[in-house]
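Student: Contents of work-v2.txt (compact mmCIF, C-alpha atoms and all ligand atoms):
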```txt
# COMPACT_ATOMS: atom_id res chain seq x y z
CA MET V 1 0.00 0.00 0.00
CA THR V 2 1.29 3.47 -0.92
CA GLU V 3 2.22 5.75 1.98
CA PRO V 4 -0.04 8.83 2.20
CA LEU V 5 1.54 11.99 0.86
CA ARG V 6 2.80 14.51 3.42
CA PRO V 7 3.15 18.27 2.87
CA GLY V 8 6.21 18.97 0.74
CA ASP V 9 6.47 15.44 -0.66
CA PRO V 10 7.23 15.39 -4.40
CA VAL V 11 4.30 14.87 -6.74
CA THR V 12 5.48 13.90 -10.22
CA LEU V 13 3.33 14.95 -13.17
CA ARG V 14 3.96 13.45 -16.59
CA ILE V 15 1.75 15.56 -18.81
CA ALA V 16 0.80 14.86 -22.42
CA ARG V 17 1.60 17.89 -24.59
CA ARG V 18 0.30 18.23 -28.10
CA ASP V 19 -1.22 20.79 -30.42
CA GLY V 20 -4.16 18.95 -31.95
CA ALA V 21 -3.87 20.91 -35.22
CA SER V 22 -0.19 20.39 -35.92
CA ASP V 23 1.44 17.64 -33.81
CA PRO V 24 0.90 14.07 -35.03
CA ALA V 25 1.66 12.52 -31.62
CA PRO V 26 1.91 13.77 -28.04
CA ARG V 27 5.15 14.20 -26.16
CA HIS V 28 5.21 13.97 -22.38
CA GLU V 29 6.76 16.61 -20.13
CA THR V 30 7.59 15.95 -16.50
CA TYR V 31 7.12 18.41 -13.64
CA VAL V 32 7.61 17.84 -9.92
CA VAL V 33 5.43 19.89 -7.56
CA PRO V 34 5.33 19.87 -3.74
CA TYR V 35 2.36 18.16 -2.15
CA ALA V 36 0.03 20.42 -0.15
CA PRO V 37 -2.74 19.24 2.19
CA ARG V 38 -5.90 18.15 0.34
CA MET V 39 -4.18 18.68 -3.02
CA ARG V 40 -6.33 17.66 -6.02
CA ILE V 41 -5.09 16.80 -9.49
CA LEU V 42 -6.19 20.27 -10.61
CA ASP V 43 -4.12 21.90 -7.84
CA ALA V 44 -1.04 20.06 -9.07
CA LEU V 45 -1.65 21.28 -12.63
CA GLU V 46 -2.19 24.82 -11.34
CA HIS V 47 1.11 24.69 -9.45
CA ALA V 48 2.96 23.48 -12.56
CA ASN V 49 1.57 26.40 -14.57
CA GLU V 50 1.85 29.11 -11.90
CA TRP V 51 5.27 28.26 -10.46
CA LEU V 52 7.08 26.13 -13.05
CA GLY V 53 5.99 27.90 -16.25
CA ALA V 54 4.51 24.71 -17.70
CA ASP V 55 1.88 26.53 -19.81
CA VAL V 56 -0.28 23.39 -20.00
CA ALA V 57 -3.76 23.84 -21.51
CA TYR V 58 -6.59 22.32 -19.46
CA ARG V 59 -10.21 23.20 -18.69
CA TRP V 60 -12.00 23.78 -15.45
CA PHE V 61 -14.74 26.05 -14.22
CA CYS V 62 -16.53 25.17 -10.99
CA GLY V 63 -13.86 23.34 -8.99
CA SER V 64 -16.61 21.41 -7.24
CA ARG V 65 -17.73 18.47 -9.43
CA ARG V 66 -20.61 20.36 -11.03
CA CYS V 67 -19.53 21.57 -14.47
CA GLY V 68 -17.80 18.44 -15.80
CA GLN V 69 -15.19 20.50 -17.66
CA CYS V 70 -12.05 19.25 -15.93
CA ALA V 71 -12.15 15.55 -16.86
CA VAL V 72 -8.78 14.04 -17.83
CA ARG V 73 -7.16 10.62 -17.79
CA VAL V 74 -4.78 9.94 -14.93
CA ASN V 75 -2.63 6.80 -15.05
CA GLY V 76 -5.01 5.43 -17.66
CA GLU V 77 -8.27 6.13 -15.84
CA GLU V 78 -10.76 8.95 -16.45
CA LYS V 79 -11.18 11.32 -13.49
CA LEU V 80 -12.41 14.80 -12.59
CA ALA V 81 -9.23 16.78 -11.91
CA CYS V 82 -10.95 19.14 -9.48
CA TRP V 83 -12.33 16.30 -7.37
CA GLU V 84 -9.84 13.44 -7.21
CA PRO V 85 -6.79 13.64 -4.94
CA ALA V 86 -3.29 14.06 -6.32
CA GLU V 87 -1.23 10.87 -6.41
CA PRO V 88 2.57 10.63 -5.95
CA SER V 89 3.10 9.92 -9.66
CA MET V 90 0.54 10.85 -12.32
CA THR V 91 0.60 10.49 -16.09
CA ILE V 92 -2.05 13.01 -17.15
CA GLU V 93 -3.60 12.78 -20.60
CA PRO V 94 -6.71 14.14 -22.36
CA LEU V 95 -9.95 12.17 -22.63
CA GLN V 96 -10.03 9.64 -25.47
CA ASN V 97 -12.39 9.46 -28.43
CA PHE V 98 -12.59 13.23 -29.04
CA PRO V 99 -10.54 15.51 -31.27
CA LEU V 100 -7.82 17.33 -29.38
CA VAL V 101 -7.54 21.10 -29.17
CA ARG V 102 -4.33 21.28 -27.14
CA ASP V 103 -2.68 19.30 -24.31
CA LEU V 104 -5.57 18.25 -22.02
CA VAL V 105 -8.33 20.20 -23.78
CA ILE V 106 -10.62 18.15 -26.01
CA ASP V 107 -13.05 19.46 -28.61
CA ARG V 108 -16.55 18.88 -27.22
CA ASP V 109 -18.28 19.79 -30.50
CA PRO V 110 -18.95 16.18 -31.60
CA TYR V 111 -20.91 15.59 -28.39
CA GLU V 112 -22.77 18.88 -28.65
CA GLY V 113 -23.68 18.10 -32.26
CA ARG V 114 -25.01 14.63 -31.39
CA LEU V 115 -27.05 16.14 -28.60
CA ARG V 116 -28.61 18.72 -30.90
CA ALA V 117 -29.46 16.02 -33.46
CA LEU V 118 -31.34 14.00 -30.84
CA ALA V 119 -33.55 16.96 -29.89
CA PRO V 120 -32.85 16.98 -26.13
CA TYR V 121 -35.90 18.80 -24.84
CA ILE V 122 -39.35 17.86 -23.59
CA ASP V 123 -41.82 17.78 -26.45
CA ARG V 124 -45.38 17.86 -25.14
CA GLY V 125 -46.85 17.40 -28.60
CA ALA V 126 -50.52 18.29 -28.64
CA THR V 127 -50.88 17.72 -24.89
CA PRO V 128 -51.37 21.12 -23.29
CA TYR V 129 -49.44 22.24 -20.21
CA PRO V 130 -51.79 21.46 -17.33
CA GLY V 131 -50.71 24.45 -15.25
CA PHE V 132 -48.78 24.79 -12.01
CA PRO V 133 -48.31 22.68 -9.92
CA GLU V 134 -48.01 19.89 -12.47
CA PRO V 135 -48.20 16.37 -10.97
CA LEU V 136 -45.00 14.50 -11.89
CA PRO V 137 -45.17 10.82 -10.96
CA GLU V 138 -42.43 8.32 -11.86
CA MET V 139 -39.67 10.92 -12.07
CA GLN V 140 -37.13 9.11 -9.88
CA ASP V 141 -35.27 7.46 -12.80
CA VAL V 142 -35.24 10.65 -14.84
CA ASN V 143 -33.90 12.57 -11.84
CA ALA V 144 -31.02 10.08 -11.53
CA LEU V 145 -30.04 10.86 -15.13
CA GLY V 146 -30.32 14.57 -14.34
CA GLU V 147 -27.27 14.18 -12.04
CA CYS V 148 -25.08 13.93 -15.16
CA VAL V 149 -22.54 16.78 -15.31
CA GLU V 150 -21.67 16.08 -18.97
CA CYS V 151 -18.03 15.41 -18.16
CA LEU V 152 -17.76 12.92 -21.11
CA ILE V 153 -15.77 10.47 -18.99
CA CYS V 154 -18.14 7.69 -20.08
CA ASP V 155 -17.62 8.45 -23.78
CA SER V 156 -13.87 8.34 -23.25
CA ALA V 157 -14.11 4.91 -21.61
CA CYS V 158 -16.59 3.37 -24.08
CA PRO V 159 -15.08 0.71 -26.40
CA VAL V 160 -17.90 1.09 -28.94
CA VAL V 161 -17.20 4.80 -29.27
CA ALA V 162 -13.47 3.99 -29.49
CA ALA V 163 -14.17 1.53 -32.31
CA GLY V 164 -15.57 4.44 -34.32
CA ASP V 165 -19.15 3.18 -34.67
CA ARG V 166 -20.75 6.36 -36.01
CA THR V 167 -24.29 5.05 -35.46
CA PHE V 168 -23.72 4.84 -31.71
CA PRO V 169 -23.94 8.26 -30.07
CA GLY V 170 -22.12 7.20 -26.90
CA PRO V 171 -23.28 6.91 -23.32
CA ALA V 172 -23.14 10.63 -22.49
CA THR V 173 -25.61 11.46 -25.27
CA LEU V 174 -27.90 8.57 -24.32
CA VAL V 175 -28.00 9.74 -20.71
CA GLN V 176 -29.12 13.18 -21.86
CA LEU V 177 -31.61 11.67 -24.27
CA GLY V 178 -33.01 9.44 -21.53
CA ARG V 179 -33.84 12.53 -19.48
CA PHE V 180 -36.39 13.46 -22.14
CA VAL V 181 -37.50 10.14 -23.69
CA LEU V 182 -38.28 8.74 -20.22
CA ASP V 183 -40.01 11.87 -18.96
CA VAL V 184 -43.75 11.28 -18.56
CA ARG V 185 -44.43 14.71 -20.08
CA ASP V 186 -42.64 13.92 -23.35
CA ARG V 187 -44.85 12.97 -26.31
CA SER V 188 -42.23 12.72 -29.07
CA ASP V 189 -42.25 8.93 -29.51
CA VAL V 190 -43.23 8.87 -33.16
CA ARG V 191 -40.58 11.40 -34.17
CA ARG V 192 -37.75 10.38 -31.85
CA LEU V 193 -37.92 6.69 -30.95
CA PRO V 194 -37.18 5.03 -34.33
CA LEU V 195 -33.98 7.06 -34.49
CA THR V 196 -33.18 6.26 -30.90
CA GLU V 197 -33.63 2.51 -31.22
CA ALA V 198 -30.83 2.09 -33.73
CA GLN V 199 -28.58 4.04 -31.41
CA VAL V 200 -29.15 2.24 -28.11
CA ALA V 201 -28.78 -1.09 -29.92
CA GLY V 202 -25.09 -0.29 -30.44
CA CYS V 203 -24.30 -0.55 -26.74
CA ALA V 204 -22.30 -3.68 -25.93
CA ALA V 205 -23.51 -3.64 -22.30
CA CYS V 206 -19.88 -3.98 -21.16
CA ARG V 207 -20.38 -1.48 -18.33
CA ALA V 208 -16.91 0.04 -18.80
CA CYS V 209 -18.52 3.46 -18.45
CA GLU V 210 -20.61 3.22 -15.29
CA PRO V 211 -17.99 2.67 -12.55
CA LEU V 212 -16.08 5.76 -13.72
CA CYS V 213 -19.04 8.14 -13.59
CA PRO V 214 -18.34 10.80 -10.94
CA SER V 215 -22.08 11.42 -10.48
CA ARG V 216 -22.99 7.72 -10.12
CA VAL V 217 -25.44 7.96 -12.99
CA PRO V 218 -26.97 4.53 -13.76
CA ILE V 219 -25.84 4.83 -17.38
CA VAL V 220 -26.70 1.32 -18.52
CA SER V 221 -29.79 0.40 -16.50
CA GLY V 222 -31.11 3.96 -16.18
CA ALA V 223 -30.49 5.19 -19.72
CA VAL V 224 -29.52 2.56 -22.31
CA VAL V 225 -31.74 -0.27 -21.07
CA ALA V 226 -34.57 2.00 -19.96
CA ILE V 227 -34.71 3.70 -23.37
CA GLY V 228 -34.68 0.25 -24.98
CA LYS V 229 -37.63 -0.86 -22.86
CA ARG V 230 -39.45 2.35 -23.67
CA ILE V 231 -38.93 1.71 -27.39
CA GLN V 232 -40.15 -1.88 -27.04
CA ALA V 233 -43.24 -0.70 -25.18
CA ALA V 234 -43.97 1.83 -27.93
CA ALA V 235 -43.32 -0.78 -30.63
CA GLY V 236 -45.54 -3.28 -28.83
CA ALA V 237 -48.35 -0.78 -28.97
CA ASP V 238 -47.85 -0.57 -32.76
CA HIS V 239 -46.93 -4.23 -33.50
CA PRO V 240 -47.50 -6.52 -30.51
CA GLY V 241 -44.60 -8.95 -29.92
CA SER V 242 -41.89 -7.10 -31.87
CA SER V 243 -39.58 -4.10 -31.69
CA ARG V 244 -39.66 -1.65 -34.58
CA THR V 245 -36.62 -3.15 -36.31
CA GLY V 246 -36.81 -6.65 -34.88
CA ARG V 247 -33.26 -6.19 -33.53
CA PRO V 248 -32.60 -7.28 -29.92
CA LEU V 249 -32.19 -4.55 -27.34
CA HIS V 250 -29.84 -5.06 -24.43
CA SER V 251 -32.23 -5.23 -21.53
CA GLY V 252 -31.35 -8.88 -20.95
CA ASN V 253 -27.60 -8.21 -20.57
CA ALA V 254 -27.60 -5.47 -18.03
S1 LIG V 301 -23.07 9.96 -17.31
FE1 LIG V 301 -21.52 10.31 -15.74
S2 LIG V 301 -19.57 9.95 -16.82
FE2 LIG V 301 -21.13 10.23 -18.39
S3 LIG V 301 -21.07 12.42 -18.91
FE3 LIG V 301 -22.65 12.16 -17.32
S4 LIG V 301 -21.57 12.54 -15.39
FE4 LIG V 301 -20.01 12.17 -16.94
S1 LIG V 302 -21.99 -0.28 -21.39
FE1 LIG V 302 -22.49 0.50 -23.46
S2 LIG V 302 -22.24 2.72 -23.28
FE2 LIG V 302 -21.18 1.81 -21.49
S3 LIG V 302 -19.05 1.57 -22.13
FE3 LIG V 302 -20.09 -0.39 -22.61
S4 LIG V 302 -20.76 -0.16 -24.75
FE4 LIG V 302 -20.27 1.92 -24.01
S1 LIG V 303 -14.03 22.03 -12.55
FE1 LIG V 303 -16.18 21.68 -12.64
S2 LIG V 303 -16.32 19.53 -12.39
FE2 LIG V 303 -14.23 19.92 -12.16
```
Turn the structure described in the file into structure tokens.

Tutor:
Amino acid sequence: MTEPLRPGDPVTLRIARRDGASDPAPRHETYVVPYAPRMRILDALEHANEWLGADVAYRWFCGSRRCGQCAVRVNGEEKLACWEPAEPSMTIEPLQNFPLVRDLVIDRDPYEGRLRALAPYIDRGATPYPGFPEPLPEMQDVNALGECVECLICDSACPVVAAGDRTFPGPATLVQLGRFVLDVRDRSDVRRLPLTEAQVAGCAACRACEPLCPSRVPIVSGAVVAIGKRIQAAAGADHPGSSRTGRPLHSGNA
């Protein structure tokens, strides 16, 4: 077992440096910073920039596990830099499966684009707003998905996304989609569900994403499988005994 760090102990950072537009491969630069009580990964990066002139590019905003902007990979595992403690030796790299802007900053546009394409808002259709207060039963599962901070850690860890399957939007998008598809107020089944079915069917149900989620979102059972069941229920209403495409959904694996 590793000894706990004490104030002043060396913390070694091996940071991936690369300009996404011009460098074909990253190089790694090493910085050693002194440990301070309650030091987080982000604090170590801040020290390297402020005191050692590292000039590393990274993102953060809230510093308190709410904005999801600071996610990086540390020693091969995705973490929120503002939330996880510094370790004695850390190889720090950007999230996988996204284009790189520079160093630890990824381009979030592919995710934002997928989200826009899936129409992530409540569509009441022809059902009028009943007025305030609106009774909202069965919202527990949707609320669990609402804990997502859009850090994209799950997309970085997903082997199907890594394999480049363009029909699979990735777990982060499906979690956001689940917030609306599973909401009892949403009436967009006809428009949205056929599109959605093809996309949830790409999930391999490997659960590589879920243990890494900093918000403990039930990504597989709460989003992927729940959307699949919702699609099957809607398809059953249209064609009893079959899904819309006849393809299996993953509710049995999770
Ligand atoms: S589901 Fe979890 S890991 Fe995925 S984007 Fe949301 S908060 Fe991050
Ligand atoms: S369970 Fe599905 S979404 Fe999660 S990592 Fe595996 S394939 Fe990706
Ligand atoms: S800086 Fe907002 S979650 Fe880390």

Student: Have a look at atom CA of Thr12 of chain V and atom CA of Ser89 of chain V and let me know their distance in Å, one decimal.

Tutor: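 Separating atom CA of Thr12 of chain V from atom CA of Ser89 of chain V is a distance of 4.7 Å.
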
Student: Once you count all atoms listed in the file, which residues end up within 7 Å of ligand LIG 301 (chain V), and could you hand them over as a list in words?

Tutor: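 Here is the list of contacting residues: Gly68, Glu147, Cys148, Val149, Glu150, Cys151, Leu152, Ile153, Cys154, Asp155, Pro171, Ala172, Val175, Cys209, Glu210, Leu212, Cys213, Pro214, Ser215, Arg216, Val217 and Ile219 of chain V.
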
Student: Neighbours of Glu46 of chain V within 10 Å (all atoms listed in the file; same-chain residues fewer than 6 positions away dropped), as an mmCIF file with C-alpha atoms, in the coordinates of the input?

Tutor:
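Written file, out24.cif:
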```
data_model
loop_
_atom_site.group_PDB
_atom_site.id
_atom_site.type_symbol
_atom_site.label_atom_id
_atom_site.label_comp_id
_atom_site.auth_asym_id
_atom_site.auth_seq_id
_atom_site.Cartn_x
_atom_site.Cartn_y
_atom_site.Cartn_z
ATOM 1 C CA VAL V 33 5.430 19.890 -7.560
ATOM 2 C CA ARG V 40 -6.330 17.660 -6.020
ATOM 3 C CA LEU V 52 7.080 26.130 -13.050
ATOM 4 C CA ALA V 54 4.510 24.710 -17.700
ATOM 5 C CA ASP V 55 1.880 26.530 -19.810
ATOM 6 C CA VAL V 56 -0.280 23.390 -20.000
ATOM 7 C CA TYR V 58 -6.590 22.320 -19.460
#
```

Student: Using all atoms of ligand LIG 303 (chain V) listed in the file and a margin of 5 Å per side, can you give the axis-aligned box centre and edge lengths in Å to one decimal, as AutoDock Vina command-line options?

Tutor:
```
--center_x -15.2 --center_y 20.8 --center_z -12.4 --size_x 12.3 --size_y 12.5 --size_z 10.5
```

Student: Do you know which residues are within 7 Å of ligand LIG 302 (chain V) using only C-alpha atoms and all ligand atoms? Can you write them as a list of chain:residue names?

Tutor: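 After applying the 7 Å limit, what remains is V:Cys154, V:Ala157, V:Cys158, V:Pro159, V:Val160, V:Val161, V:Gly170, V:Pro171, V:Cys203, V:Ala204, V:Ala205, V:Cys206, V:Arg207, V:Ala208, V:Cys209, V:Glu210, V:Ile219, V:Val220.
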
Student: Mind giving me the straight-line distance from atom CA of Val32 of chain V to atom CA of Ala48 of chain V in Å, one decimal?

Tutor: 7.8 Å

Student: Determine the nearest neighbour of Ser156 of chain V from the options V:Leu95, V:Ile122, V:Leu100, V:Ala25, counting only C-alpha atoms.

Tutor: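 Looking only at the distances to Ser156 of chain V, the closest residue turns out to be V:Leu95.
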
Student: Please determine, counting only C-alpha atoms and all ligand atoms, which residue among V:Gly76, V:Pro133, V:Pro85, V:Gly63 has the shortest atom-to-atom distance to ligand LIG 303 (chain V).

Tutor: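 Ranking V:Gly76, V:Pro133, V:Pro85, V:Gly63 by distance to ligand LIG 303 (chain V), first place goes to V:Gly63.
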
Student: How many Å lie between atom CA of Glu134 of chain V and atom CA of Arg179 of chain V, rounded to one decimal?

Tutor: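 Spanning atom CA of Glu134 of chain V to atom CA of Arg179 of chain V is a straight-line distance of 17.4 Å.
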
Student: Show me which residues line ligand LIG 303 (chain V), defined as having an atom within 9 Å of a ligand atom where all atoms listed in the file count, and present them as a list of chain:residue names.

Tutor: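 The distance check yields V:Leu42, V:Arg59, V:Trp60, V:Phe61, V:Cys62, V:Gly63, V:Ser64, V:Arg65, V:Arg66, V:Cys67, V:Gly68, V:Gln69, V:Cys70, V:Ala71, V:Leu80, V:Ala81, V:Cys82, V:Trp83, V:Val149, V:Cys151.
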
Student: Report as an MDAnalysis selection string all protein, DNA and RNA residues lying within 9 Å of Pro110 of chain V, evaluated on all atoms listed in the file, omitting residues in the same chain fewer than 3 positions from it.

Tutor: chainID V and resid 98:99 107 113:115

Student: Could you check which of V:Arg27, V:His47, V:Arg14, V:Arg185 is closest to Pro88 of chain V, using only C-alpha atoms?

Tutor: V:Arg14

Student: Kindly indicate which residue among V:Tyr111, V:Tyr31, V:Phe180, V:Trp51 lies nearest to Thr91 of chain V, using all atoms listed in the file for the distances.

Tutor: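 That would be V:Tyr31, the residue with the smallest distance to Thr91 of chain V.
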
Student: So which residues touch Arg17 of chain V within 6 Å, counting all atoms listed in the file, skipping near sequence neighbours fewer than 5 positions away, as a list in words?

Tutor: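 So, after excluding close chain neighbours, the residues are Pro26, Arg27, His28 and Asp103 of chain V.
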
Student: Choose the residue, out of V:Arg73, V:Pro211, V:Val184, V:Arg116, that has the smallest atom-to-atom separation from Pro137 of chain V; count only C-alpha atoms.

Tutor: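 When distances to Pro137 of chain V are compared using only C-alpha atoms, the smallest one comes from V:Val184.
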